[in-house]
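query-v8.txt follows (compact mmCIF, N, CA and C atoms):
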# COMPACT_ATOMS: atom_id res chain seq x y z
N ILE A 172 22.82 8.94 -10.93
CA ILE A 172 23.98 9.56 -11.53
C ILE A 172 25.26 9.01 -10.90
N VAL A 173 25.23 8.79 -9.59
CA VAL A 173 26.42 8.27 -8.91
C VAL A 173 26.84 6.92 -9.50
N GLU A 174 25.85 6.05 -9.74
CA GLU A 174 26.19 4.74 -10.32
C GLU A 174 26.78 4.88 -11.71
N HIS A 175 26.27 5.83 -12.48
CA HIS A 175 26.82 6.05 -13.83
C HIS A 175 28.27 6.54 -13.76
N ILE A 176 28.54 7.43 -12.80
CA ILE A 176 29.91 7.94 -12.64
C ILE A 176 30.84 6.80 -12.26
N LEU A 177 30.43 6.01 -11.25
CA LEU A 177 31.27 4.88 -10.83
C LEU A 177 31.45 3.86 -11.95
N PHE A 178 30.37 3.59 -12.68
CA PHE A 178 30.43 2.66 -13.80
C PHE A 178 31.45 3.14 -14.83
N SER A 179 31.39 4.41 -15.16
CA SER A 179 32.32 4.98 -16.15
C SER A 179 33.76 4.93 -15.66
N LEU A 180 33.97 5.27 -14.39
CA LEU A 180 35.33 5.24 -13.83
C LEU A 180 35.91 3.83 -13.84
N ILE A 181 35.10 2.85 -13.43
CA ILE A 181 35.57 1.46 -13.41
C ILE A 181 35.88 0.98 -14.81
N LEU A 182 34.99 1.27 -15.75
CA LEU A 182 35.23 0.85 -17.14
C LEU A 182 36.47 1.52 -17.72
N GLU A 183 36.61 2.79 -17.46
CA GLU A 183 37.79 3.52 -17.96
C GLU A 183 39.07 2.88 -17.44
N LYS A 184 39.09 2.58 -16.16
CA LYS A 184 40.27 1.96 -15.55
C LYS A 184 40.56 0.59 -16.18
N GLN A 185 39.52 -0.21 -16.40
CA GLN A 185 39.71 -1.55 -16.96
C GLN A 185 40.09 -1.50 -18.44
N ILE A 186 39.58 -0.51 -19.15
CA ILE A 186 39.95 -0.37 -20.56
C ILE A 186 41.42 0.01 -20.68
N LYS A 187 41.87 0.89 -19.78
CA LYS A 187 43.30 1.27 -19.78
C LYS A 187 44.17 0.05 -19.49
N LYS A 188 43.71 -0.81 -18.58
CA LYS A 188 44.47 -2.02 -18.24
C LYS A 188 44.30 -3.11 -19.30
N GLN A 189 43.33 -2.91 -20.17
CA GLN A 189 42.99 -3.88 -21.21
C GLN A 189 42.65 -5.25 -20.61
N THR A 190 41.75 -5.23 -19.62
CA THR A 190 41.32 -6.48 -18.98
C THR A 190 39.86 -6.75 -19.33
N LYS A 191 39.68 -7.49 -20.41
CA LYS A 191 38.32 -7.83 -20.83
C LYS A 191 37.67 -8.84 -19.88
N LEU A 192 38.47 -9.63 -19.20
CA LEU A 192 37.92 -10.62 -18.28
C LEU A 192 37.11 -9.94 -17.18
N PHE A 193 37.64 -8.85 -16.63
CA PHE A 193 36.93 -8.11 -15.58
C PHE A 193 35.61 -7.57 -16.12
N ILE A 194 35.66 -7.01 -17.33
CA ILE A 194 34.45 -6.46 -17.95
C ILE A 194 33.43 -7.56 -18.19
N ARG A 195 33.88 -8.71 -18.65
CA ARG A 195 32.98 -9.84 -18.88
C ARG A 195 32.35 -10.30 -17.56
N ASN A 196 33.17 -10.42 -16.51
CA ASN A 196 32.66 -10.82 -15.19
C ASN A 196 31.66 -9.80 -14.64
N MET A 197 31.96 -8.53 -14.89
CA MET A 197 31.06 -7.47 -14.44
C MET A 197 29.70 -7.59 -15.15
N LYS A 198 29.73 -7.91 -16.42
CA LYS A 198 28.50 -8.11 -17.19
C LYS A 198 27.69 -9.27 -16.62
N PHE A 199 28.37 -10.39 -16.30
CA PHE A 199 27.67 -11.55 -15.73
C PHE A 199 27.05 -11.21 -14.38
N LYS A 200 27.77 -10.44 -13.56
CA LYS A 200 27.23 -10.04 -12.26
C LYS A 200 25.97 -9.19 -12.43
N ILE A 201 26.02 -8.27 -13.39
CA ILE A 201 24.85 -7.41 -13.64
C ILE A 201 23.68 -8.25 -14.14
N GLU A 202 23.94 -9.21 -15.00
CA GLU A 202 22.87 -10.09 -15.48
C GLU A 202 22.26 -10.89 -14.33
N ASP A 203 23.10 -11.38 -13.41
CA ASP A 203 22.58 -12.10 -12.23
C ASP A 203 21.71 -11.19 -11.37
N GLN A 204 22.17 -9.95 -11.17
CA GLN A 204 21.39 -8.99 -10.39
C GLN A 204 20.05 -8.69 -11.06
N LEU A 205 20.07 -8.53 -12.37
CA LEU A 205 18.84 -8.28 -13.12
C LEU A 205 17.86 -9.44 -12.98
N ASN A 206 18.37 -10.65 -13.12
CA ASN A 206 17.50 -11.83 -12.98
C ASN A 206 16.88 -11.91 -11.59
N ALA A 207 17.68 -11.59 -10.56
CA ALA A 207 17.15 -11.60 -9.19
C ALA A 207 16.07 -10.54 -9.02
N LEU A 208 16.31 -9.35 -9.58
CA LEU A 208 15.31 -8.28 -9.48
C LEU A 208 14.02 -8.65 -10.19
N ILE A 209 14.14 -9.24 -11.37
CA ILE A 209 12.96 -9.63 -12.13
C ILE A 209 12.19 -10.72 -11.38
N LYS A 210 12.91 -11.70 -10.84
CA LYS A 210 12.27 -12.79 -10.10
C LYS A 210 11.54 -12.25 -8.88
N ASN A 211 12.18 -11.33 -8.13
CA ASN A 211 11.55 -10.76 -6.94
C ASN A 211 10.33 -9.93 -7.31
N ARG A 212 10.41 -9.20 -8.42
CA ARG A 212 9.27 -8.39 -8.83
C ARG A 212 8.08 -9.27 -9.18
N ILE A 213 8.34 -10.34 -9.90
CA ILE A 213 7.26 -11.27 -10.25
C ILE A 213 6.67 -11.88 -8.99
N LYS A 214 7.53 -12.25 -8.03
CA LYS A 214 7.06 -12.84 -6.77
C LYS A 214 6.19 -11.83 -6.00
N GLN A 215 6.63 -10.57 -5.96
CA GLN A 215 5.85 -9.53 -5.27
C GLN A 215 4.49 -9.34 -5.94
N GLN A 216 4.48 -9.30 -7.26
CA GLN A 216 3.22 -9.14 -7.97
C GLN A 216 2.29 -10.32 -7.71
N ASN A 217 2.83 -11.52 -7.71
CA ASN A 217 2.01 -12.70 -7.42
C ASN A 217 1.42 -12.65 -6.02
N CYS A 218 2.24 -12.23 -5.05
CA CYS A 218 1.76 -12.11 -3.66
C CYS A 218 0.62 -11.10 -3.57
N LEU A 219 0.77 -9.96 -4.24
CA LEU A 219 -0.28 -8.94 -4.21
C LEU A 219 -1.55 -9.44 -4.88
N ILE A 220 -1.40 -10.15 -5.98
CA ILE A 220 -2.58 -10.69 -6.68
C ILE A 220 -3.30 -11.69 -5.79
N ILE A 221 -2.57 -12.59 -5.14
CA ILE A 221 -3.19 -13.59 -4.27
C ILE A 221 -3.88 -12.92 -3.09
N GLN A 222 -3.25 -11.89 -2.53
CA GLN A 222 -3.86 -11.16 -1.42
C GLN A 222 -5.16 -10.49 -1.87
N ARG A 223 -5.14 -9.85 -3.02
CA ARG A 223 -6.34 -9.18 -3.53
C ARG A 223 -7.45 -10.19 -3.84
N LEU A 224 -7.08 -11.34 -4.38
CA LEU A 224 -8.08 -12.39 -4.64
C LEU A 224 -8.73 -12.85 -3.34
N TYR A 225 -7.93 -13.01 -2.30
CA TYR A 225 -8.45 -13.41 -0.99
C TYR A 225 -9.43 -12.35 -0.46
N PHE A 226 -9.02 -11.07 -0.54
CA PHE A 226 -9.89 -9.99 -0.07
C PHE A 226 -11.19 -9.95 -0.88
N ARG A 227 -11.07 -10.13 -2.19
CA ARG A 227 -12.26 -10.14 -3.06
C ARG A 227 -13.21 -11.26 -2.65
N ASP A 228 -12.66 -12.44 -2.38
CA ASP A 228 -13.48 -13.59 -1.99
C ASP A 228 -14.19 -13.35 -0.66
N ILE A 229 -13.49 -12.72 0.27
CA ILE A 229 -14.12 -12.39 1.56
C ILE A 229 -15.27 -11.42 1.35
N LEU A 230 -15.03 -10.38 0.56
CA LEU A 230 -16.08 -9.40 0.31
C LEU A 230 -17.27 -10.03 -0.40
N SER A 231 -17.01 -10.90 -1.34
CA SER A 231 -18.11 -11.60 -2.04
C SER A 231 -18.93 -12.42 -1.05
N LYS A 232 -18.23 -13.10 -0.16
CA LYS A 232 -18.90 -13.92 0.85
C LYS A 232 -19.77 -13.06 1.77
N LEU A 233 -19.26 -11.89 2.16
CA LEU A 233 -20.02 -11.01 3.04
C LEU A 233 -21.21 -10.38 2.32
N ILE A 234 -21.06 -10.10 1.04
CA ILE A 234 -22.15 -9.52 0.26
C ILE A 234 -23.30 -10.51 0.11
N GLU A 235 -22.98 -11.79 0.01
CA GLU A 235 -24.00 -12.83 -0.20
C GLU A 235 -24.87 -13.10 1.02
N ILE A 236 -24.48 -12.59 2.17
CA ILE A 236 -25.24 -12.84 3.39
C ILE A 236 -26.62 -12.20 3.27
N GLU A 237 -27.64 -13.01 3.51
CA GLU A 237 -29.01 -12.52 3.35
C GLU A 237 -29.47 -11.71 4.55
N ASN A 238 -29.08 -12.13 5.73
CA ASN A 238 -29.49 -11.37 6.91
C ASN A 238 -28.50 -10.23 7.13
N ASP A 239 -28.78 -9.40 8.11
CA ASP A 239 -27.92 -8.25 8.37
C ASP A 239 -26.57 -8.70 8.92
N LEU A 240 -25.56 -8.12 8.38
CA LEU A 240 -24.20 -8.42 8.83
C LEU A 240 -23.87 -7.53 10.02
N THR A 241 -23.45 -8.15 11.11
CA THR A 241 -23.03 -7.39 12.29
C THR A 241 -21.67 -7.90 12.73
N LEU A 242 -21.10 -7.24 13.72
CA LEU A 242 -19.81 -7.69 14.25
C LEU A 242 -19.94 -8.98 15.04
N ASN A 243 -21.17 -9.38 15.34
CA ASN A 243 -21.41 -10.65 16.04
C ASN A 243 -21.85 -11.76 15.09
N SER A 244 -21.92 -11.45 13.81
CA SER A 244 -22.33 -12.46 12.82
C SER A 244 -21.27 -13.53 12.70
N TYR A 245 -21.75 -14.75 12.50
CA TYR A 245 -20.83 -15.89 12.33
C TYR A 245 -19.84 -15.63 11.20
N GLU A 246 -20.33 -15.09 10.10
CA GLU A 246 -19.48 -14.86 8.92
C GLU A 246 -18.33 -13.91 9.24
N TRP A 247 -18.59 -12.91 10.07
CA TRP A 247 -17.54 -11.97 10.44
C TRP A 247 -16.60 -12.61 11.47
N LEU A 248 -17.15 -13.24 12.47
CA LEU A 248 -16.34 -13.84 13.53
C LEU A 248 -15.46 -14.97 13.01
N SER A 249 -15.91 -15.67 11.98
CA SER A 249 -15.16 -16.81 11.47
C SER A 249 -13.94 -16.41 10.64
N LEU A 250 -13.89 -15.17 10.22
CA LEU A 250 -12.74 -14.73 9.42
C LEU A 250 -11.49 -14.59 10.28
N ILE A 251 -10.36 -14.91 9.71
CA ILE A 251 -9.08 -14.67 10.38
C ILE A 251 -8.75 -13.20 10.18
N LYS A 252 -8.59 -12.49 11.29
CA LYS A 252 -8.32 -11.05 11.22
C LYS A 252 -7.04 -10.73 12.00
N TYR A 253 -6.40 -9.66 11.62
CA TYR A 253 -5.26 -9.15 12.36
C TYR A 253 -5.73 -7.95 13.16
N GLU A 254 -5.26 -7.85 14.41
CA GLU A 254 -5.59 -6.69 15.23
C GLU A 254 -4.33 -6.18 15.91
N ILE A 255 -4.27 -4.87 16.09
CA ILE A 255 -3.15 -4.26 16.79
C ILE A 255 -3.63 -3.88 18.18
N ASP A 256 -2.88 -4.30 19.19
CA ASP A 256 -3.18 -3.93 20.57
C ASP A 256 -2.46 -2.62 20.86
N GLN A 257 -3.20 -1.53 20.77
CA GLN A 257 -2.58 -0.21 20.94
C GLN A 257 -2.36 0.15 22.40
N ASN A 258 -2.88 -0.66 23.31
CA ASN A 258 -2.69 -0.41 24.74
C ASN A 258 -1.41 -1.03 25.28
N SER A 259 -0.69 -1.71 24.43
CA SER A 259 0.55 -2.34 24.86
C SER A 259 1.55 -1.25 25.26
N ARG A 260 2.25 -1.46 26.37
CA ARG A 260 3.15 -0.43 26.88
C ARG A 260 4.43 -0.29 26.08
N THR A 261 5.00 -1.38 25.63
CA THR A 261 6.30 -1.30 24.97
C THR A 261 6.18 -1.07 23.47
N GLU A 262 5.36 -1.85 22.82
CA GLU A 262 5.19 -1.73 21.38
C GLU A 262 3.82 -2.25 21.00
N ASN A 263 3.38 -1.87 19.84
CA ASN A 263 2.09 -2.39 19.39
C ASN A 263 2.22 -3.88 19.12
N LYS A 264 1.37 -4.65 19.74
CA LYS A 264 1.37 -6.10 19.55
C LYS A 264 0.29 -6.44 18.53
N ILE A 265 0.61 -7.38 17.67
CA ILE A 265 -0.34 -7.81 16.65
C ILE A 265 -0.83 -9.20 17.01
N HIS A 266 -2.13 -9.42 16.82
CA HIS A 266 -2.75 -10.71 17.11
C HIS A 266 -3.57 -11.18 15.92
N PHE A 267 -3.63 -12.51 15.78
CA PHE A 267 -4.63 -13.13 14.91
C PHE A 267 -5.87 -13.28 15.76
N VAL A 268 -7.01 -13.00 15.18
CA VAL A 268 -8.25 -13.18 15.92
C VAL A 268 -9.22 -13.96 15.04
N GLN A 269 -9.79 -15.01 15.62
CA GLN A 269 -10.85 -15.77 14.96
C GLN A 269 -11.75 -16.29 16.06
N PHE A 270 -13.03 -15.95 15.98
CA PHE A 270 -13.99 -16.22 17.05
C PHE A 270 -13.43 -15.63 18.33
N SER A 271 -13.31 -16.41 19.39
CA SER A 271 -12.77 -15.87 20.64
C SER A 271 -11.29 -16.20 20.80
N ASN A 272 -10.70 -16.80 19.79
CA ASN A 272 -9.27 -17.13 19.84
C ASN A 272 -8.44 -15.91 19.47
N ARG A 273 -7.46 -15.65 20.30
CA ARG A 273 -6.56 -14.51 20.09
C ARG A 273 -5.14 -15.03 20.21
N ILE A 274 -4.41 -15.03 19.11
CA ILE A 274 -3.06 -15.60 19.08
C ILE A 274 -2.06 -14.50 18.76
N HIS A 275 -1.03 -14.40 19.60
CA HIS A 275 0.00 -13.39 19.37
C HIS A 275 0.74 -13.68 18.07
N TYR A 276 0.86 -12.66 17.26
CA TYR A 276 1.58 -12.77 15.99
C TYR A 276 3.02 -12.34 16.23
N ASN A 277 3.94 -13.24 16.00
CA ASN A 277 5.35 -12.98 16.28
C ASN A 277 6.13 -12.67 15.00
N PHE A 278 5.42 -12.16 14.01
CA PHE A 278 6.00 -11.80 12.72
C PHE A 278 6.59 -12.98 11.98
N GLU A 279 5.98 -14.16 12.18
CA GLU A 279 6.31 -15.29 11.33
C GLU A 279 5.65 -14.99 9.99
N PHE A 280 6.25 -15.42 8.93
CA PHE A 280 5.69 -15.08 7.63
C PHE A 280 5.76 -16.27 6.70
N ILE A 281 4.64 -16.60 6.13
CA ILE A 281 4.60 -17.58 5.05
C ILE A 281 4.14 -16.79 3.84
N GLU A 282 5.02 -16.66 2.89
CA GLU A 282 4.64 -15.85 1.73
C GLU A 282 3.55 -16.53 0.93
N PRO A 283 2.61 -15.72 0.43
CA PRO A 283 1.59 -16.31 -0.43
C PRO A 283 2.26 -16.85 -1.70
N SER A 284 1.81 -17.95 -2.15
CA SER A 284 2.34 -18.50 -3.40
C SER A 284 1.21 -19.21 -4.11
N SER A 285 1.49 -19.67 -5.28
CA SER A 285 0.44 -20.34 -6.04
C SER A 285 0.03 -21.66 -5.39
N THR A 286 0.88 -22.20 -4.53
CA THR A 286 0.55 -23.47 -3.88
C THR A 286 -0.09 -23.26 -2.51
N PHE A 287 -0.13 -22.03 -2.04
CA PHE A 287 -0.69 -21.71 -0.73
C PHE A 287 -1.96 -20.90 -0.93
N ILE A 288 -3.09 -21.56 -0.84
CA ILE A 288 -4.37 -20.90 -1.08
C ILE A 288 -5.19 -20.96 0.20
N ILE A 289 -5.74 -19.81 0.58
CA ILE A 289 -6.61 -19.77 1.75
C ILE A 289 -8.02 -20.04 1.27
N SER A 290 -8.55 -21.15 1.68
CA SER A 290 -9.89 -21.54 1.27
C SER A 290 -10.82 -21.52 2.49
N PRO A 291 -12.12 -21.59 2.27
CA PRO A 291 -13.04 -21.66 3.41
C PRO A 291 -12.72 -22.85 4.32
N MET A 292 -12.29 -23.97 3.73
CA MET A 292 -11.94 -25.14 4.53
C MET A 292 -10.74 -24.82 5.43
N MET A 293 -9.79 -24.10 4.88
CA MET A 293 -8.60 -23.77 5.67
C MET A 293 -8.95 -22.80 6.79
N GLU A 294 -9.85 -21.87 6.54
CA GLU A 294 -10.25 -20.92 7.57
C GLU A 294 -10.91 -21.62 8.75
N ARG A 295 -11.52 -22.76 8.52
CA ARG A 295 -12.19 -23.50 9.59
C ARG A 295 -11.21 -24.21 10.50
N THR A 296 -9.99 -24.46 10.02
CA THR A 296 -9.03 -25.22 10.83
C THR A 296 -8.35 -24.37 11.85

Would you encode the structure as structure tokens?
Amino acid sequence: IVEHILFSLILEKQIKKQTKLFIRNMKFKIEDQLNALIKNRIKQQNCLIIQRLYFRDILSKLIEIENDLTLNSYEWLSLIKYEIDQNSRTENKIHFVQFSNRIHYNFEFIEPSSTFIISPMMERT
């Protein structure tokens, strides 16, 4: 409601001044904002889809295991996992864990995209 009130007040003021240029510029700004919102929404949806596909592939791989799956199984240990160190005194620290490798996660982020695919080959590196 607040945005509608401000929108009406601004338009009323500009109509009184008879400045169509301001109104036209305002329309272009809103169109730019809309395009940015649409682009970000599509990007978010793509990221979620890629993440879900990755999770699905992991689950499929674990289901296919013929022997019993345990926490010591190669298939489980070979996965890249995130862990939170809750014993940290200052803040919860996050780590990547794969086999016995434990790497501190410093909140670097590579967004998932159509060109960035996590494959079994990539997990081995």

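Pairwise distance (atom CA of A:Tyr245, atom N of A:Arg227) equals 18.4 Å.
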
Can you work out which one of A:Glu246, A:Phe267, A:Asn206, A:His175 has the shortest atom-to-atom distance to A:Leu233, counting all atoms listed in the file?
A:Glu246

Work out how far apart atom C of A:Asp228 and atom CA of A:Gln257 are and give it in Å to one decimal.
27.8 Å

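Note that the spacing between atom C of A:Phe270 and atom N of A:Ser249 amounts to 6.8 Å.
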
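Within stretch 219-285 of chain A, residues classed as helix (DSSP H, G or I) by DSSP on backbone coordinates are Leu219, Ile220, Ile221, Gln222, Arg223, Leu224, Tyr225, Phe226, Arg227, Asp228, Ile229, Leu230, Ser231, Lys232, Leu233, Ile234, Tyr245, Glu246, Trp247 and Leu248 of chain A.
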
Please extract the residues of chain A with a backbone DSSP assignment of strand (DSSP E or B) and present them as a PyMOL selection string.
chain A and resi 252-256+264-269+272-276+284+287

Writing out the chosen residues with N, CA and C atoms as an mmCIF file, in the frame of the given file:
data_model
loop_
_atom_site.group_PDB
_atom_site.id
_atom_site.type_symbol
_atom_site.label_atom_id
_atom_site.label_comp_id
_atom_site.auth_asym_id
_atom_site.auth_seq_id
_atom_site.Cartn_x
_atom_site.Cartn_y
_atom_site.Cartn_z
ATOM 1 N N LYS A 252 -8.590 -12.490 11.290
ATOM 2 C CA LYS A 252 -8.320 -11.050 11.220
ATOM 3 C C LYS A 252 -7.040 -10.730 12.000
ATOM 4 N N TYR A 253 -6.400 -9.660 11.620
ATOM 5 C CA TYR A 253 -5.260 -9.150 12.360
ATOM 6 C C TYR A 253 -5.730 -7.950 13.160
ATOM 7 N N GLU A 254 -5.260 -7.850 14.410
ATOM 8 C CA GLU A 254 -5.590 -6.690 15.230
ATOM 9 C C GLU A 254 -4.330 -6.180 15.910
ATOM 10 N N ILE A 255 -4.270 -4.870 16.090
ATOM 11 C CA ILE A 255 -3.150 -4.260 16.790
ATOM 12 C C ILE A 255 -3.630 -3.880 18.180
ATOM 13 N N ASP A 256 -2.880 -4.300 19.190
ATOM 14 C CA ASP A 256 -3.180 -3.930 20.570
ATOM 15 C C ASP A 256 -2.460 -2.620 20.860
ATOM 16 N N LYS A 264 1.370 -4.650 19.740
ATOM 17 C CA LYS A 264 1.370 -6.100 19.550
ATOM 18 C C LYS A 264 0.290 -6.440 18.530
ATOM 19 N N ILE A 265 0.610 -7.380 17.670
ATOM 20 C CA ILE A 265 -0.340 -7.810 16.650
ATOM 21 C C ILE A 265 -0.830 -9.200 17.010
ATOM 22 N N HIS A 266 -2.130 -9.420 16.820
ATOM 23 C CA HIS A 266 -2.750 -10.710 17.110
ATOM 24 C C HIS A 266 -3.570 -11.180 15.920
ATOM 25 N N PHE A 267 -3.630 -12.510 15.780
ATOM 26 C CA PHE A 267 -4.630 -13.130 14.910
ATOM 27 C C PHE A 267 -5.870 -13.280 15.760
ATOM 28 N N VAL A 268 -7.010 -13.000 15.180
ATOM 29 C CA VAL A 268 -8.250 -13.180 15.920
ATOM 30 C C VAL A 268 -9.220 -13.960 15.040
ATOM 31 N N GLN A 269 -9.790 -15.010 15.620
ATOM 32 C CA GLN A 269 -10.850 -15.770 14.960
ATOM 33 C C GLN A 269 -11.750 -16.290 16.060
ATOM 34 N N ASN A 272 -10.700 -16.800 19.790
ATOM 35 C CA ASN A 272 -9.270 -17.130 19.840
ATOM 36 C C ASN A 272 -8.440 -15.910 19.470
ATOM 37 N N ARG A 273 -7.460 -15.650 20.300
ATOM 38 C CA ARG A 273 -6.560 -14.510 20.090
ATOM 39 C C ARG A 273 -5.140 -15.030 20.210
ATOM 40 N N ILE A 274 -4.410 -15.030 19.110
ATOM 41 C CA ILE A 274 -3.060 -15.600 19.080
ATOM 42 C C ILE A 274 -2.060 -14.500 18.760
ATOM 43 N N HIS A 275 -1.030 -14.400 19.600
ATOM 44 C CA HIS A 275 0.000 -13.390 19.370
ATOM 45 C C HIS A 275 0.740 -13.680 18.070
ATOM 46 N N TYR A 276 0.860 -12.660 17.260
ATOM 47 C CA TYR A 276 1.580 -12.770 15.990
ATOM 48 C C TYR A 276 3.020 -12.340 16.230
ATOM 49 N N SER A 284 1.810 -17.950 -2.150
ATOM 50 C CA SER A 284 2.340 -18.500 -3.400
ATOM 51 C C SER A 284 1.210 -19.210 -4.110
ATOM 52 N N PHE A 287 -0.130 -22.030 -2.040
ATOM 53 C CA PHE A 287 -0.690 -21.710 -0.730
ATOM 54 C C PHE A 287 -1.960 -20.900 -0.930
#

Within 12 Å of stretch 182-187 of chain A using only C-alpha atoms, minus same-chain residues under 6 positions, as a PyMOL selection string
chain A and resi 174-176+193-198

Specify the axis-aligned box that encloses all atoms of stretch 241-250 of chain A listed in the file after padding of 6 Å on each side, stating its centre and edge lengths in Å to one decimal as lines of an AutoDock Vina configuration file.
center_x = -17.5
center_y = -12.0
center_z = 12.5
size_x = 24.0
size_y = 21.6
size_z = 19.1

So which residues fall inside 7 Å of (-8.8, -9.6, 17.3) if we count all atoms listed in the file? Mind giving them as a list in words?
Lys252, Tyr253, Glu254, Ile255, His266, Phe267, Val268, Gln269, Asn272 and Arg273 of chain A

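The residue that comes closest to A:Leu250, out of A:Gln215, A:Ser271, A:Thr190, A:Asn238 and on the basis of only C-alpha atoms, is A:Ser271.
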